[in-house]
Amino acid sequence: MRIAIQGFEGCFHQQAAQRYYGKQTEIEACSSFSELVKKVKVGKEADAGMMAIENSIAGSILPNYSLLKNSGLHVTGEVYLQINQHLMALPGQRIEDIKEVHSHPMALLQCMAFLEKYPHIKLVESEDTALSAKHVHQKKSKTIAAIASKLASEIYELDVIAPNIHTAKNNYTRFLAISRNGVEPAADANKSSVYFQTPNESGSLAKVLSMIAAEGIGLSKIQSFPIPAKEWTYYFHADMEFEDLSHFRKALKRIEPLTDQLTILGIYKKD
């Protein structure tokens, strides 16, 4: 399969795609999430997509929820990937040789406690972690290092001169597998992503949540979004977890009369 991802070869999106779809997965690199969604919708260059949706430290990637809602695409699964950042350089280099470290601004922030130990090193922001590793490989500069994934070091033939330099060791990103066509839920499916809108009335959301709880459904995520055409009116994204698919279907029947709109993005097995 050819999977659309945001980023370049060697990025964390590629790791998530290979974990979900298999090691032989081919990658269609996209410069933005909107380009990713477009290529999955059109279907000429990608069979499906892998898109980051939230991070355990930074929180939700809010624009991606809206992209997903408006795309008409379906969620077929998820991947939780631990984000391990490594300092890499040309073979034979030591950290004492490095004068600049290049990476995405978020990666630099995630590794700041380590980088502050080397005040002589200049930090240079780039658009992507894997692209930074690629530039070190291409430029053959012995004084420049990159912060990126282990996969990037392997692809671009760089040595990891300092592994796992990220400050928070419990940093995970959740990715969603998305496709043009929905799939029948597997017998062991135990999670679903849905969108719903409630009437702009007192207690309307509380009624929906109480019905969900009554069926023994857990909410691992609920996120509100304003509806641009209606002032102070919101729709909600909810990730529901359940032990039995029949309980989820009963919950849907109970909340449907209480909502103005209810859309199932996908029913799948949680990671």
# chains A, B, ... in the order shown; residues from 1 in each chain; ligands from 1
>>> residues_around(residues="Thr76 in chain A", least_positions_apart="3", cutoff="8 Å", atoms="only C-alpha atoms", output="list in words")
Leu176, Ala177, Ile178, Ser179, Gly182, Val183, Gly266, Ile267 and Tyr268 of chain A
>>> write_last_selection(atoms="C-alpha atoms", output="compact mmCIF listing (two decimals), in the first residue's frame")
# COMPACT_ATOMS: atom_id res chain seq x y z
CA LEU A 176 -5.33 7.84 13.01
CA ALA A 177 -5.42 5.55 9.98
CA ILE A 178 -7.80 7.15 7.49
CA SER A 179 -9.25 5.99 4.16
CA GLY A 182 -15.31 2.74 5.50
CA VAL A 183 -14.81 -0.86 6.57
CA GLY A 266 -15.10 4.81 12.27
CA ILE A 267 -15.37 1.73 14.48
CA TYR A 268 -12.05 0.02 15.08
>>> closest_atom_pairs(of="range 131-211 of chain A", to="range 106-121 of chain A", cutoff="6 Å", atoms="only C-alpha atoms", output="JSON lines")
{"residue": "A:Ile165", "atom": "CA", "partner": "A:Cys111", "partner_atom": "CA", "distance": 5.7}
{"residue": "A:His166", "atom": "CA", "partner": "A:Cys111", "partner_atom": "CA", "distance": 4.3}
{"residue": "A:Thr167", "atom": "CA", "partner": "A:Cys111", "partner_atom": "CA", "distance": 5.5}
>>> atom_distance(atom1="CA of His104 in chain A", atom2="CA of Asp128 in chain A")
5.0 Å
>>> atom_distance(atom1="CA of Thr263 in chain A", atom2="CA of Ser193 in chain A")
8.8 Å
>>> closest_residue(among="A:His135, A:Lys44, A:Lys99, A:His74", to="Phe8 in chain A", atoms="only C-alpha atoms")
A:His135
>>> residues_around(residues="Ile61 in chain A", least_positions_apart="4", cutoff="12 Å", atoms="only C-alpha atoms", output="short mmCIF file (atom, residue, chain, number, x, y, z; two decimals) with N, CA, C and O atoms, in the first residue's frame")
data_model
loop_
_atom_site.label_atom_id
_atom_site.label_comp_id
_atom_site.auth_asym_id
_atom_site.auth_seq_id
_atom_site.Cartn_x
_atom_site.Cartn_y
_atom_site.Cartn_z
N PHE A 33 -0.95 18.76 6.43
CA PHE A 33 -2.03 17.82 6.72
C PHE A 33 -3.17 17.96 5.70
O PHE A 33 -3.83 16.99 5.36
N MET A 51 -2.44 10.04 10.04
CA MET A 51 -2.45 11.44 10.45
C MET A 51 -2.39 11.59 11.96
O MET A 51 -3.20 10.99 12.68
N ALA A 52 -1.44 12.37 12.45
CA ALA A 52 -1.36 12.65 13.88
C ALA A 52 -2.58 13.44 14.32
O ALA A 52 -3.05 14.33 13.62
N ILE A 53 -3.10 13.10 15.51
CA ILE A 53 -4.31 13.77 15.99
C ILE A 53 -4.14 14.36 17.38
O ILE A 53 -4.80 15.35 17.72
N GLU A 54 -3.26 13.79 18.21
CA GLU A 54 -3.02 14.37 19.53
C GLU A 54 -1.72 13.84 20.12
O GLU A 54 -1.21 12.79 19.70
N ASN A 55 -1.19 14.60 21.07
CA ASN A 55 0.05 14.25 21.73
C ASN A 55 -0.17 14.27 23.24
O ASN A 55 -0.91 15.12 23.75
N SER A 56 0.48 13.35 23.95
CA SER A 56 0.26 13.23 25.38
C SER A 56 0.76 14.43 26.17
O SER A 56 0.34 14.65 27.31
N ILE A 57 1.65 15.23 25.59
CA ILE A 57 2.18 16.41 26.26
C ILE A 57 1.60 17.70 25.68
O ILE A 57 1.13 18.56 26.41
N TYR A 65 -8.73 17.77 13.60
CA TYR A 65 -10.10 17.32 13.86
C TYR A 65 -11.07 17.93 12.85
O TYR A 65 -11.94 17.24 12.33
N SER A 66 -10.90 19.22 12.59
CA SER A 66 -11.77 19.89 11.62
C SER A 66 -11.52 19.36 10.21
O SER A 66 -12.46 19.16 9.44
N LEU A 67 -10.25 19.15 9.86
CA LEU A 67 -9.92 18.57 8.56
C LEU A 67 -10.61 17.23 8.37
O LEU A 67 -11.21 16.96 7.32
N LEU A 68 -10.55 16.42 9.39
CA LEU A 68 -11.13 15.09 9.32
C LEU A 68 -12.65 15.15 9.20
O LEU A 68 -13.25 14.45 8.37
N THR A 173 2.46 10.13 20.72
CA THR A 173 1.56 10.77 19.76
C THR A 173 0.58 9.72 19.26
O THR A 173 0.97 8.58 18.96
N ARG A 174 -0.67 10.11 19.18
CA ARG A 174 -1.71 9.22 18.65
C ARG A 174 -1.95 9.57 17.18
O ARG A 174 -2.14 10.74 16.83
N PHE A 175 -1.92 8.56 16.34
CA PHE A 175 -2.15 8.72 14.91
C PHE A 175 -3.42 7.97 14.52
O PHE A 175 -3.72 6.91 15.08
N LEU A 176 -4.14 8.51 13.54
CA LEU A 176 -5.33 7.84 13.01
C LEU A 176 -5.05 7.34 11.60
O LEU A 176 -4.50 8.07 10.76
N GLN A 223 -14.01 16.57 22.64
CA GLN A 223 -13.46 17.86 22.24
C GLN A 223 -14.56 18.68 21.59
O GLN A 223 -15.27 18.19 20.71
#
>>> select_by_dssp(residues="range 29-158 of chain A", states="strand (DSSP E or B)", output="ChimeraX atom specification")
/A:29-30,48-55,59-60,74-82,86-89,100-103,122-125,144-148
>>> residues_around(residues="Phe236 in chain A", least_positions_apart="4", cutoff="9 Å", atoms="only C-alpha atoms", output="list in words")
Val194, Tyr195, Phe196, Gln197, Thr198, Ile222, Gln223, Ser224, Phe225 and Pro226 of chain A
>>> decode(residues="range 3-46 of chain A", atoms="N, CA and C atoms", output="compact mmCIF listing (two decimals), in the first residue's frame")
# COMPACT_ATOMS: atom_id res chain seq x y z
N ILE A 3 0.89 4.97 1.44
CA ILE A 3 0.23 5.69 2.52
C ILE A 3 0.69 7.15 2.54
N ALA A 4 -0.26 8.07 2.53
CA ALA A 4 0.05 9.49 2.61
C ALA A 4 0.36 9.87 4.06
N ILE A 5 1.45 10.60 4.24
CA ILE A 5 1.84 11.06 5.57
C ILE A 5 2.23 12.53 5.50
N GLN A 6 2.21 13.21 6.62
CA GLN A 6 2.72 14.57 6.69
C GLN A 6 4.18 14.48 7.12
N GLY A 7 5.08 14.99 6.29
CA GLY A 7 6.48 14.94 6.62
C GLY A 7 7.29 14.24 5.55
N PHE A 8 8.54 13.97 5.86
CA PHE A 8 9.47 13.40 4.91
C PHE A 8 9.86 11.99 5.33
N GLU A 9 10.51 11.27 4.41
CA GLU A 9 10.93 9.92 4.69
C GLU A 9 11.81 9.89 5.94
N GLY A 10 11.47 9.02 6.87
CA GLY A 10 12.20 8.93 8.12
C GLY A 10 11.52 9.62 9.29
N CYS A 11 10.36 10.25 9.05
CA CYS A 11 9.66 10.97 10.12
C CYS A 11 8.82 10.01 10.97
N PHE A 12 8.26 10.53 12.05
CA PHE A 12 7.48 9.69 12.96
C PHE A 12 6.18 9.21 12.29
N HIS A 13 5.64 10.00 11.37
CA HIS A 13 4.46 9.55 10.64
C HIS A 13 4.76 8.26 9.87
N GLN A 14 5.95 8.17 9.29
CA GLN A 14 6.33 6.96 8.57
C GLN A 14 6.43 5.77 9.52
N GLN A 15 6.98 5.99 10.70
CA GLN A 15 7.06 4.93 11.69
C GLN A 15 5.66 4.41 12.05
N ALA A 16 4.73 5.35 12.25
CA ALA A 16 3.36 4.96 12.58
C ALA A 16 2.72 4.19 11.43
N ALA A 17 2.95 4.65 10.20
CA ALA A 17 2.37 3.99 9.03
C ALA A 17 2.91 2.57 8.88
N GLN A 18 4.22 2.40 9.09
CA GLN A 18 4.81 1.07 8.97
C GLN A 18 4.34 0.14 10.08
N ARG A 19 4.13 0.70 11.26
CA ARG A 19 3.65 -0.14 12.36
C ARG A 19 2.23 -0.63 12.09
N TYR A 20 1.41 0.22 11.49
CA TYR A 20 0.01 -0.15 11.26
C TYR A 20 -0.17 -0.97 9.98
N TYR A 21 0.46 -0.53 8.89
CA TYR A 21 0.24 -1.16 7.59
C TYR A 21 1.30 -2.19 7.22
N GLY A 22 2.43 -2.20 7.94
CA GLY A 22 3.49 -3.16 7.63
C GLY A 22 4.77 -2.48 7.19
N LYS A 23 5.89 -3.19 7.36
CA LYS A 23 7.21 -2.62 7.08
C LYS A 23 7.41 -2.29 5.60
N GLN A 24 6.70 -2.99 4.72
CA GLN A 24 6.88 -2.77 3.28
C GLN A 24 6.05 -1.61 2.74
N THR A 25 5.39 -0.88 3.64
CA THR A 25 4.54 0.23 3.23
C THR A 25 5.34 1.29 2.48
N GLU A 26 4.80 1.75 1.36
CA GLU A 26 5.38 2.86 0.62
C GLU A 26 4.78 4.17 1.12
N ILE A 27 5.57 5.22 1.07
CA ILE A 27 5.16 6.50 1.65
C ILE A 27 4.94 7.55 0.56
N GLU A 28 3.84 8.28 0.69
CA GLU A 28 3.59 9.46 -0.13
C GLU A 28 3.73 10.67 0.79
N ALA A 29 4.88 11.35 0.70
CA ALA A 29 5.18 12.46 1.60
C ALA A 29 4.36 13.69 1.23
N CYS A 30 3.81 14.36 2.25
CA CYS A 30 3.00 15.57 2.05
C CYS A 30 3.56 16.69 2.91
N SER A 31 3.51 17.89 2.40
CA SER A 31 4.07 19.04 3.12
C SER A 31 3.13 19.56 4.20
N SER A 32 1.84 19.18 4.14
CA SER A 32 0.87 19.67 5.12
C SER A 32 -0.19 18.60 5.35
N PHE A 33 -0.95 18.76 6.43
CA PHE A 33 -2.03 17.82 6.72
C PHE A 33 -3.17 17.96 5.70
N SER A 34 -3.41 19.18 5.23
CA SER A 34 -4.47 19.37 4.23
C SER A 34 -4.12 18.66 2.93
N GLU A 35 -2.84 18.67 2.57
CA GLU A 35 -2.41 17.94 1.37
C GLU A 35 -2.57 16.45 1.58
N LEU A 36 -2.26 15.97 2.78
CA LEU A 36 -2.44 14.56 3.12
C LEU A 36 -3.90 14.14 2.90
N VAL A 37 -4.82 14.90 3.47
CA VAL A 37 -6.24 14.58 3.36
C VAL A 37 -6.69 14.60 1.90
N LYS A 38 -6.22 15.59 1.15
CA LYS A 38 -6.60 15.71 -0.26
C LYS A 38 -6.14 14.49 -1.05
N LYS A 39 -4.91 14.03 -0.82
CA LYS A 39 -4.39 12.90 -1.58
C LYS A 39 -5.12 11.61 -1.24
N VAL A 40 -5.54 11.46 0.01
CA VAL A 40 -6.31 10.28 0.38
C VAL A 40 -7.69 10.32 -0.28
N LYS A 41 -8.29 11.50 -0.32
CA LYS A 41 -9.62 11.65 -0.93
C LYS A 41 -9.58 11.36 -2.42
N VAL A 42 -8.57 11.91 -3.11
CA VAL A 42 -8.47 11.74 -4.57
C VAL A 42 -8.12 10.31 -4.92
N GLY A 43 -7.17 9.73 -4.19
CA GLY A 43 -6.87 8.31 -4.34
C GLY A 43 -5.91 7.94 -5.45
N LYS A 44 -5.40 8.91 -6.20
CA LYS A 44 -4.48 8.59 -7.30
C LYS A 44 -3.06 8.31 -6.80
N GLU A 45 -2.67 8.99 -5.74
CA GLU A 45 -1.29 8.87 -5.25
C GLU A 45 -1.18 8.14 -3.92
N ALA A 46 -2.31 7.88 -3.27
CA ALA A 46 -2.28 7.21 -1.96
C ALA A 46 -3.49 6.32 -1.79
